[in-house]
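Asks: Sending over upload_39.csv (CSV, C-alpha atoms and all ligand atoms).
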```
chain,number,residue,atom,x,y,z
A,1,MET,CA,23.6,-13.5,138.3
A,2,THR,CA,25.4,-10.1,137.8
A,3,ILE,CA,29.0,-10.4,137.0
A,4,HIS,CA,31.3,-7.3,137.3
A,5,MET,CA,34.5,-7.4,135.3
A,6,GLN,CA,36.9,-5.0,137.1
A,7,ASP,CA,40.0,-5.5,134.9
A,8,GLU,CA,41.4,-8.2,132.7
A,9,ALA,CA,42.3,-10.5,135.6
A,10,VAL,CA,39.7,-9.7,138.2
A,11,LEU,CA,36.1,-10.7,138.5
A,12,THR,CA,33.7,-10.1,141.3
A,13,ILE,CA,30.5,-12.2,141.7
A,14,PRO,CA,27.9,-12.1,144.4
A,15,ALA,CA,26.6,-15.3,145.9
A,16,PRO,CA,23.2,-14.4,147.2
A,17,ALA,CA,21.4,-16.3,150.0
A,18,LYS,CA,19.0,-19.0,148.9
A,19,VAL,CA,15.7,-18.5,150.7
A,20,ASN,CA,13.0,-21.3,150.7
A,21,LEU,CA,9.8,-19.4,150.8
A,22,ALA,CA,8.0,-22.8,151.2
A,23,LEU,CA,9.6,-26.2,151.6
A,24,HIS,CA,7.4,-29.3,151.5
A,25,ILE,CA,8.9,-32.8,152.0
A,26,THR,CA,7.0,-35.2,149.7
A,27,GLY,CA,8.9,-38.5,150.2
A,28,GLN,CA,12.2,-40.2,150.6
A,29,ARG,CA,14.4,-42.0,148.1
A,30,ASP,CA,15.9,-45.4,148.8
A,31,ASP,CA,19.4,-43.7,149.2
A,32,GLY,CA,17.9,-41.7,152.1
A,33,TYR,CA,17.7,-38.3,150.2
A,34,HIS,CA,14.3,-36.6,150.6
A,35,MET,CA,12.0,-35.5,147.8
A,36,LEU,CA,10.8,-32.0,148.1
A,37,ASP,CA,8.7,-29.3,146.6
A,38,SER,CA,10.0,-25.8,147.3
A,39,LEU,CA,9.6,-22.2,146.1
A,40,VAL,CA,13.0,-20.6,146.2
A,41,VAL,CA,14.2,-17.0,145.8
A,42,PHE,CA,17.6,-15.4,146.1
A,43,GLY,CA,18.5,-12.3,148.0
A,44,GLY,CA,18.3,-10.5,151.4
A,45,ALA,CA,22.1,-10.8,151.8
A,46,SER,CA,25.1,-12.1,149.8
A,47,ASP,CA,28.6,-13.5,150.1
A,48,VAL,CA,30.9,-12.0,147.5
A,49,ILE,CA,33.7,-13.8,145.6
A,50,HIS,CA,36.7,-12.1,143.9
A,51,PHE,CA,38.6,-14.0,141.3
A,52,ARG,CA,42.2,-13.3,140.1
A,53,GLN,CA,44.5,-15.2,137.8
A,54,SER,CA,47.2,-17.1,139.6
A,55,ASP,CA,49.6,-20.0,139.1
A,56,HIS,CA,48.1,-22.0,141.9
A,57,LEU,CA,44.7,-22.6,143.5
A,58,HIS,CA,44.4,-20.4,146.5
A,59,LEU,CA,41.4,-19.4,148.7
A,60,SER,CA,41.4,-16.7,151.3
A,61,VAL,CA,38.3,-15.9,153.4
A,62,THR,CA,37.4,-12.5,154.8
A,63,GLY,CA,34.2,-11.0,156.2
A,64,PRO,CA,32.2,-11.3,159.4
A,65,PHE,CA,31.8,-15.1,159.3
A,66,SER,CA,35.3,-16.0,158.0
A,67,GLU,CA,36.4,-17.4,161.4
A,68,ASP,CA,33.6,-20.1,161.2
A,69,LEU,CA,35.1,-21.4,158.0
A,70,ARG,CA,38.7,-21.5,159.1
A,71,HIS,CA,38.6,-25.2,160.2
A,72,GLU,CA,36.7,-26.5,157.2
A,73,PRO,CA,39.1,-28.9,155.6
A,74,ASP,CA,37.4,-29.4,152.2
A,75,ASN,CA,35.8,-26.1,151.3
A,76,LEU,CA,33.1,-26.5,148.6
A,77,MET,CA,34.6,-23.7,146.5
A,78,VAL,CA,37.9,-25.6,146.3
A,79,ARG,CA,36.1,-28.8,145.4
A,80,ALA,CA,34.1,-26.9,142.7
A,81,ALA,CA,37.3,-25.5,141.2
A,82,ARG,CA,39.0,-28.9,141.1
A,83,LEU,CA,36.0,-30.6,139.5
A,84,LEU,CA,35.7,-27.8,136.9
A,85,ALA,CA,39.4,-27.9,136.1
A,86,GLU,CA,39.2,-31.7,135.7
A,87,GLU,CA,36.3,-31.3,133.3
A,88,PHE,CA,38.3,-28.8,131.2
A,89,GLY,CA,41.5,-30.8,131.4
A,90,LEU,CA,43.3,-27.8,133.1
A,91,LYS,CA,45.4,-27.4,136.2
A,92,ALA,CA,43.1,-25.8,138.8
A,93,LYS,CA,44.7,-22.3,139.3
A,94,ALA,CA,43.0,-19.2,140.5
A,95,ASP,CA,43.2,-16.8,143.4
A,96,LEU,CA,39.8,-16.7,145.1
A,97,THR,CA,38.8,-14.4,147.9
A,98,LEU,CA,35.5,-15.2,149.6
A,99,GLU,CA,33.8,-12.3,151.6
A,100,LYS,CA,31.8,-14.5,154.0
A,101,ASN,CA,28.8,-12.3,154.9
A,102,LEU,CA,26.3,-15.2,155.4
A,103,PRO,CA,26.2,-17.3,158.6
A,104,ILE,CA,27.4,-20.9,158.2
A,105,ALA,CA,25.0,-23.9,158.5
A,106,ALA,CA,22.1,-21.5,158.4
A,107,GLY,CA,19.5,-22.9,155.9
A,108,ILE,CA,20.3,-20.2,153.3
A,109,GLY,CA,22.6,-22.2,151.2
A,110,GLY,CA,25.8,-20.2,151.8
A,111,GLY,CA,28.2,-22.9,150.9
A,112,SER,CA,26.1,-24.0,147.9
A,113,ALA,CA,25.8,-20.3,146.7
A,114,ASP,CA,29.6,-19.9,147.0
A,115,ALA,CA,30.2,-23.2,145.0
A,116,ALA,CA,27.8,-22.0,142.3
A,117,ALA,CA,29.4,-18.6,142.1
A,118,THR,CA,32.8,-20.3,141.9
A,119,ILE,CA,31.7,-22.3,138.9
A,120,MET,CA,30.3,-19.2,137.2
A,121,GLY,CA,33.5,-17.2,137.9
A,122,LEU,CA,36.0,-19.8,136.9
A,123,PHE,CA,34.1,-20.5,133.8
A,124,GLN,CA,34.7,-16.8,132.8
A,125,LEU,CA,38.3,-16.6,134.2
A,126,TRP,CA,39.4,-19.8,132.3
A,127,ASP,CA,37.4,-18.7,129.3
A,128,ARG,CA,36.0,-22.1,128.5
A,129,THR,CA,32.6,-23.4,127.4
A,130,VAL,CA,30.8,-26.5,128.7
A,131,ARG,CA,27.5,-28.1,128.1
A,132,ASP,CA,24.7,-27.0,130.5
A,133,GLU,CA,24.1,-30.7,131.5
A,134,THR,CA,27.8,-31.1,132.4
A,135,LEU,CA,27.7,-28.0,134.5
A,136,ARG,CA,24.5,-29.1,136.3
A,137,ALA,CA,26.0,-32.6,136.9
A,138,ILE,CA,29.2,-31.0,138.5
A,139,ALA,CA,26.9,-28.7,140.6
A,140,LEU,CA,24.8,-31.6,141.8
A,141,SER,CA,27.8,-33.7,142.7
A,142,LEU,CA,28.8,-30.8,145.1
A,143,GLY,CA,25.4,-30.8,146.9
A,144,ALA,CA,21.6,-30.9,146.2
A,145,ASP,CA,21.3,-27.1,146.5
A,146,VAL,CA,24.1,-26.1,144.2
A,147,PRO,CA,22.2,-26.5,140.9
A,148,MET,CA,19.5,-24.1,142.1
A,149,CYS,CA,22.1,-21.6,143.2
A,150,LEU,CA,23.6,-21.7,139.7
A,151,GLU,CA,20.2,-20.5,138.4
A,152,GLY,CA,20.0,-17.7,141.0
A,153,SER,CA,16.4,-16.6,140.2
A,154,CYS,CA,12.9,-17.4,141.6
A,155,LEU,CA,12.3,-21.1,140.9
A,156,ARG,CA,10.4,-24.2,142.0
A,157,ALA,CA,12.7,-27.0,143.1
A,158,GLU,CA,11.4,-30.6,143.0
A,159,GLY,CA,13.2,-34.0,143.1
A,160,ILE,CA,15.9,-33.8,145.7
A,161,GLY,CA,16.1,-30.1,144.9
A,162,ASP,CA,17.7,-30.6,141.5
A,163,GLU,CA,14.6,-30.6,139.3
A,164,LEU,CA,14.2,-26.9,138.5
A,165,THR,CA,11.4,-24.9,136.8
A,166,SER,CA,11.0,-21.2,136.7
A,167,GLY,CA,9.0,-19.7,139.5
A,168,PRO,CA,6.2,-17.1,139.4
A,169,ARG,CA,6.8,-13.5,138.6
A,170,LEU,CA,7.2,-11.7,141.9
A,171,PRO,CA,6.3,-8.1,142.9
A,172,ASN,CA,9.2,-5.8,141.9
A,173,ASP,CA,9.8,-4.1,145.2
A,174,LEU,CA,9.3,-7.1,147.5
A,175,GLY,CA,11.5,-6.9,150.6
A,176,LEU,CA,12.9,-9.6,152.9
A,177,VAL,CA,14.4,-9.5,156.4
A,178,LEU,CA,16.7,-12.5,157.2
A,179,ILE,CA,17.4,-13.3,160.9
A,180,ASN,CA,19.7,-15.9,162.3
A,181,PRO,CA,20.1,-16.4,166.1
A,182,HIS,CA,23.7,-17.6,165.7
A,183,ILE,CA,22.9,-21.3,166.2
A,184,PRO,CA,24.4,-23.5,163.5
A,185,ILE,CA,22.1,-26.3,162.4
A,186,SER,CA,23.2,-29.6,160.9
A,187,THR,CA,21.0,-30.3,157.8
A,188,PRO,CA,21.3,-34.2,158.0
A,189,ASP,CA,20.2,-34.1,161.7
A,190,ILE,CA,17.1,-32.1,160.8
A,191,PHE,CA,16.2,-34.4,157.9
A,192,LYS,CA,16.7,-37.4,160.3
A,193,ASN,CA,14.3,-36.0,162.9
A,194,LEU,CA,11.5,-34.9,160.5
A,195,LYS,CA,8.3,-34.4,162.3
A,196,SER,CA,5.8,-33.6,159.5
A,197,LYS,CA,3.2,-36.2,158.7
A,198,ASP,CA,1.9,-34.3,155.7
A,199,ASN,CA,3.6,-35.3,152.5
A,200,SER,CA,1.5,-33.1,150.1
A,201,PRO,CA,3.3,-30.9,147.6
A,202,MET,CA,2.7,-27.2,147.4
A,203,GLY,CA,-0.6,-26.0,146.0
A,204,PRO,CA,-0.8,-24.8,142.4
A,205,ILE,CA,1.5,-21.7,141.9
A,206,PRO,CA,0.0,-18.8,140.1
A,207,SER,CA,2.2,-17.5,137.2
A,208,ALA,CA,2.5,-14.1,138.8
A,209,PHE,CA,1.9,-12.4,142.2
A,210,LEU,CA,0.9,-8.8,141.7
A,211,SER,CA,1.4,-7.8,145.3
A,212,ALA,CA,3.5,-8.9,148.3
A,213,THR,CA,0.2,-9.4,150.2
A,214,ALA,CA,-1.1,-11.8,147.5
A,215,LEU,CA,2.2,-13.8,147.7
A,216,ALA,CA,2.1,-13.8,151.5
A,217,GLU,CA,-1.5,-15.0,151.4
A,218,TRP,CA,-0.6,-17.9,149.0
A,219,LEU,CA,2.4,-18.8,151.2
A,220,SER,CA,0.4,-18.8,154.3
A,221,GLU,CA,-1.3,-22.0,152.9
A,222,GLN,CA,2.1,-23.6,152.3
A,223,ARG,CA,4.7,-24.9,154.9
A,224,ASN,CA,8.3,-25.5,155.8
A,225,ASP,CA,8.2,-29.2,156.8
A,226,LEU,CA,11.6,-28.9,158.5
A,227,GLU,CA,10.5,-26.2,160.9
A,228,LEU,CA,9.3,-28.4,163.8
A,229,ALA,CA,12.4,-30.6,163.8
A,230,ALA,CA,14.7,-27.5,163.7
A,231,ILE,CA,12.7,-25.9,166.6
A,232,ALA,CA,13.1,-29.1,168.6
A,233,GLN,CA,16.8,-28.7,168.2
A,234,ALA,CA,17.0,-24.9,168.6
A,235,PRO,CA,13.9,-23.6,170.4
A,236,ILE,CA,15.2,-20.0,169.8
A,237,ILE,CA,13.9,-20.3,166.2
A,238,GLU,CA,10.4,-19.8,167.7
A,239,ASN,CA,11.5,-16.5,169.3
A,240,VAL,CA,12.8,-15.3,165.9
A,241,LEU,CA,9.5,-16.2,164.2
A,242,GLN,CA,7.6,-14.5,167.0
A,243,ALA,CA,9.7,-11.3,166.8
A,244,LEU,CA,9.1,-11.1,163.0
A,245,ASN,CA,5.3,-11.9,163.5
A,246,ASP,CA,5.1,-9.2,166.2
A,247,ASP,CA,6.4,-6.6,163.7
A,248,GLY,CA,3.3,-4.7,162.4
A,249,ASP,CA,4.7,-4.6,158.8
A,250,CYS,CA,5.7,-8.2,158.5
A,251,LEU,CA,3.4,-10.0,156.1
A,252,LEU,CA,4.7,-13.5,156.7
A,253,ALA,CA,7.5,-15.2,158.7
A,254,ARG,CA,8.9,-18.6,158.1
A,255,MET,CA,12.1,-20.6,158.5
A,256,SER,CA,14.3,-21.2,155.4
A,257,GLY,CA,15.8,-24.6,154.5
A,258,SER,CA,16.8,-26.6,157.6
A,259,GLY,CA,17.2,-23.3,159.6
A,260,ALA,CA,18.0,-21.6,161.8
A,261,THR,CA,17.6,-18.5,159.5
A,262,CYS,CA,14.0,-17.2,159.2
A,263,TYR,CA,12.7,-14.8,156.7
A,264,GLY,CA,10.1,-12.0,157.1
A,265,MET,CA,8.3,-10.8,154.0
A,266,PHE,CA,7.6,-7.1,153.6
A,267,ALA,CA,5.6,-5.1,151.0
A,268,THR,CA,8.7,-3.1,149.9
A,269,LYS,CA,12.5,-3.0,150.4
A,270,LYS,CA,12.1,0.2,152.5
A,271,HIS,CA,9.6,-1.6,154.8
A,272,ALA,CA,12.2,-4.4,155.2
A,273,GLU,CA,15.0,-2.0,155.9
A,274,TYR,CA,13.1,-0.3,158.7
A,275,ALA,CA,12.0,-3.6,160.2
A,276,ALA,CA,15.6,-4.9,160.1
A,277,ARG,CA,16.7,-1.8,162.0
A,278,ARG,CA,14.0,-2.4,164.6
A,279,MET,CA,15.0,-6.1,164.9
A,280,ALA,CA,18.7,-5.4,165.2
A,281,PHE,CA,18.0,-2.8,167.9
A,282,SER,CA,15.8,-5.1,170.0
A,283,HIS,CA,17.9,-8.2,169.4
A,284,PRO,CA,21.5,-7.1,169.2
A,285,ASN,CA,22.8,-10.7,169.4
A,286,TRP,CA,21.0,-11.8,166.3
A,287,TRP,CA,22.3,-11.6,162.7
A,288,VAL,CA,19.8,-9.4,160.9
A,289,SER,CA,20.0,-8.6,157.2
A,290,HIS,CA,17.6,-7.1,154.6
A,291,GLY,CA,17.2,-6.6,150.9
A,292,GLY,CA,15.3,-7.3,147.7
A,293,VAL,CA,14.7,-10.6,145.9
A,294,GLN,CA,15.6,-12.0,142.5
A,301,LIG,O1,23.3,-32.5,149.3
A,301,LIG,P1,23.8,-31.9,150.6
A,301,LIG,O2,25.2,-32.3,150.9
A,301,LIG,O3,23.5,-30.4,150.6
A,301,LIG,O4,22.8,-32.5,151.7
A,301,LIG,C1,23.2,-32.6,153.0
A,301,LIG,C2,22.4,-33.7,153.7
A,301,LIG,O5,21.0,-33.3,153.8
A,301,LIG,C3,22.3,-35.0,153.0
A,301,LIG,O6,23.4,-35.8,153.3
A,301,LIG,C4,21.0,-35.6,153.5
A,301,LIG,O7,21.2,-36.2,154.7
A,301,LIG,C5,20.1,-34.4,153.6
A,301,LIG,N1,19.3,-34.1,152.5
A,301,LIG,C6,18.2,-34.9,152.2
A,301,LIG,N2,17.4,-34.6,151.2
A,301,LIG,C7,17.6,-33.6,150.3
A,301,LIG,C8,18.8,-32.8,150.5
A,301,LIG,C9,19.6,-33.1,151.6
A,301,LIG,O8,17.9,-35.8,153.0
A,301,LIG,N3,16.8,-33.4,149.3
```
Let me see the structure of the file written as structure tokens.
Ligand code: C5P
Replies:
Amino acid sequence: MTIHMQDEAVLTIPAPAKVNLALHITGQRDDGYHMLDSLVVFGGASDVIHFRQSDHLHLSVTGPFSEDLRHEPDNLMVRAARLLAEEFGLKAKADLTLEKNLPIAAGIGGGSADAAATIMGLFQLWDRTVRDETLRAIALSLGADVPMCLEGSCLRAEGIGDELTSGPRLPNDLGLVLINPHIPISTPDIFKNLKSKDNSPMGPIPSAFLSATALAEWLSEQRNDLELAAIAQAPIIENVLQALNDDGDCLLARMSGSGATCYGMFATKKHAEYAARRMAFSHPNWWVSHGGVQ
């Protein structure tokens, strides 16, 4: 995760989208949480968080999706700040500004990415140290996807999403297009209505993919087991996948997380940029973003 120190009191940290390139559901625990096996990358679009010193804890939200957060009573960033302050024995005080560029309830971990970036930022702002396990436990208590967002680089997630190992080396210039049709999806609803009968984990992952084509070929053998349940709730997801698949340069299209955001994989960032322009032009009502991957 890149951290930019602008002056003594101000930090700016990006909170990149979490994209599940593949997501296999392998079982269910007694407490209802599902076991999974997922290859995760970060990129394609980012929220951005600005941190300033303050005597109180204050969060303001700007950006294209700020309205959608207005009525959220217990923002994950505020909860993250309080938990971290408690751990340090401090009063929670910081002025946080969230630039909300990622759609809400979209399967790309926006809230989890923001919580993880808040932890990273406050850690710096409050100039404290903490054991990695403590940090991971705080992250996990905020949500199953928060620990992976703390890592912020290509990884394999197992367990309920909290058992993390480094992922394969990816081609340098890999490009992604992210599309969301502006339909919010409730993750618990999708897990409840799972339609997949196949509980198998992902196939063995090579240590490196030398080209985007090789990665797309490997991914074409993997799945997102939440896709059918999400399509049943929001059939437009199929249109998004179709639009990406119809693009001559798109190597693979799949839904991320519990949807409705889908990703298209492209050989280079330039290919992704041009495809995103085509998509935005032909579907002006969809949120379309593009970028590289980390
Ligand atoms: O942990 P988080 O709050 O992000 O999860 C939201 C909901 O998604 C959970 O309450 C649960 O219903 C479902 N979930 C699941 N298995 C996971 C992660 C989430 O069933 N591994």
Asks: Please return the centre and edge lengths, in Å to one decimal, of a box with edges along x, y and z that contains all listed atoms of ligand LIG 301 (chain A), widened by 3 Å on every side, as JSON.
Replies:
```
{"center_x": 21.0, "center_y": -33.3, "center_z": 152.0, "size_x": 14.4, "size_y": 11.8, "size_z": 11.4}
```
Asks: 6 Å from ligand LIG 301 (chain A) is the threshold here; counting all atoms listed in the file, which polymer residues fall inside it? Answer as a count of residues only.
Replies: 12
Asks: Counting all atoms listed in the file, which of A:Leu174, A:Val61, A:Ala22, A:Leu76 gets nearest to A:Ala253?
Replies: A:Ala22
Asks: If you measure from atom CA of A:Asp114 to atom CA of A:Leu226, what distance in Å do you get, rounded to one decimal?
Replies: 23.2 Å
Asks: One decimal, Å: what's the distance from atom CA of A:Ala45 over to atom CA of A:Leu244, could you say?
Replies: 17.2 Å
Asks: Quick one: residues within 7 Å of A:Ala260, all atoms listed in the file counted, chain neighbours fewer than 5 positions away excluded, as number ranges by chain?
Replies: A: 106-107, 180, 183-185, 237, 255
Asks: Taking all atoms listed in the file into account, which of A:Leu125, A:Ala92, A:Leu155, A:Ala212 comes nearest A:Val78?
Replies: A:Ala92
Asks: For A:Gly175, work out the shell of residues within 10 Å, counting only C-alpha atoms and skipping chain neighbours fewer than 5 positions away, then give it as a list in words.
Replies: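 Answer for this query is Gly43, Gly44, Ala212, Cys250, Gly264, Met265, Phe266, Ala267, Thr268, Lys269, Lys270, His271, Ala272, Glu273, His290, Gly291, Gly292 and Val293 of chain A.
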Asks: Have a look at atom CA of A:Asn285 and atom CA of A:Pro181 and let me know their distance in Å, one decimal.
Replies: 7.1 Å
Asks: Name the residues within 7 Å of (5.1, -36.5, 148.0), counting all atoms listed in the file in the file's coordinates, and put them as a ChimeraX atom specification.
Replies: /A:25-27,35,199-201
Asks: Generate a file of the selected residues that holds C-alpha atoms, formatted as a PDB file, in the coordinates of the input.
Replies:
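Output saved as selection_32.pdb:
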```
ATOM      1  CA  ILE A  25       8.900 -32.800 152.000  1.00  0.00           C
ATOM      2  CA  THR A  26       7.000 -35.200 149.700  1.00  0.00           C
ATOM      3  CA  GLY A  27       8.900 -38.500 150.200  1.00  0.00           C
ATOM      4  CA  MET A  35      12.000 -35.500 147.800  1.00  0.00           C
ATOM      5  CA  ASN A 199       3.600 -35.300 152.500  1.00  0.00           C
ATOM      6  CA  SER A 200       1.500 -33.100 150.100  1.00  0.00           C
ATOM      7  CA  PRO A 201       3.300 -30.900 147.600  1.00  0.00           C
TER       8      PRO A 201
END
```
Asks: Can stretch 52-71 of chain A be brought up to N, CA and C atoms and written out as a CSV table (one decimal), in the frame of the given file?
Replies:
```csv
chain,number,residue,atom,x,y,z
A,52,ARG,N,41.0,-13.9,140.8
A,52,ARG,CA,42.2,-13.3,140.1
A,52,ARG,C,42.9,-14.5,139.5
A,53,GLN,N,43.6,-14.1,138.4
A,53,GLN,CA,44.5,-15.2,137.8
A,53,GLN,C,45.6,-15.5,138.7
A,54,SER,N,46.1,-16.7,138.7
A,54,SER,CA,47.2,-17.1,139.6
A,54,SER,C,47.8,-18.4,139.0
A,55,ASP,N,49.0,-18.8,139.5
A,55,ASP,CA,49.6,-20.0,139.1
A,55,ASP,C,49.2,-21.2,139.9
A,56,HIS,N,48.5,-20.9,141.0
A,56,HIS,CA,48.1,-22.0,141.9
A,56,HIS,C,46.6,-21.8,142.3
A,57,LEU,N,46.0,-22.8,143.0
A,57,LEU,CA,44.7,-22.6,143.5
A,57,LEU,C,44.8,-22.1,144.9
A,58,HIS,N,44.3,-20.9,145.2
A,58,HIS,CA,44.4,-20.4,146.5
A,58,HIS,C,43.1,-19.7,146.9
A,59,LEU,N,42.6,-20.0,148.2
A,59,LEU,CA,41.4,-19.4,148.7
A,59,LEU,C,41.7,-18.7,150.0
A,60,SER,N,41.3,-17.4,150.0
A,60,SER,CA,41.4,-16.7,151.3
A,60,SER,C,39.9,-16.2,151.7
A,61,VAL,N,39.7,-16.2,152.9
A,61,VAL,CA,38.3,-15.9,153.4
A,61,VAL,C,38.4,-14.6,154.3
A,62,THR,N,37.5,-13.7,154.0
A,62,THR,CA,37.4,-12.5,154.8
A,62,THR,C,36.0,-12.3,155.2
A,63,GLY,N,35.6,-11.2,155.9
A,63,GLY,CA,34.2,-11.0,156.2
A,63,GLY,C,33.8,-11.4,157.6
A,64,PRO,N,32.6,-11.1,158.0
A,64,PRO,CA,32.2,-11.3,159.4
A,64,PRO,C,32.1,-12.8,159.8
A,65,PHE,N,31.9,-13.7,158.9
A,65,PHE,CA,31.8,-15.1,159.3
A,65,PHE,C,33.0,-15.9,158.8
A,66,SER,N,34.1,-15.3,158.5
A,66,SER,CA,35.3,-16.0,158.0
A,66,SER,C,35.9,-16.9,159.1
A,67,GLU,N,35.8,-16.5,160.3
A,67,GLU,CA,36.4,-17.4,161.4
A,67,GLU,C,35.7,-18.8,161.4
A,68,ASP,N,34.4,-18.8,161.1
A,68,ASP,CA,33.6,-20.1,161.2
A,68,ASP,C,34.0,-21.0,160.1
A,69,LEU,N,34.7,-20.5,159.1
A,69,LEU,CA,35.1,-21.4,158.0
A,69,LEU,C,36.5,-21.9,158.1
A,70,ARG,N,37.3,-21.3,159.0
A,70,ARG,CA,38.7,-21.5,159.1
A,70,ARG,C,39.1,-23.0,159.2
A,71,HIS,N,38.3,-23.8,159.9
A,71,HIS,CA,38.6,-25.2,160.2
A,71,HIS,C,38.0,-26.1,159.2
```
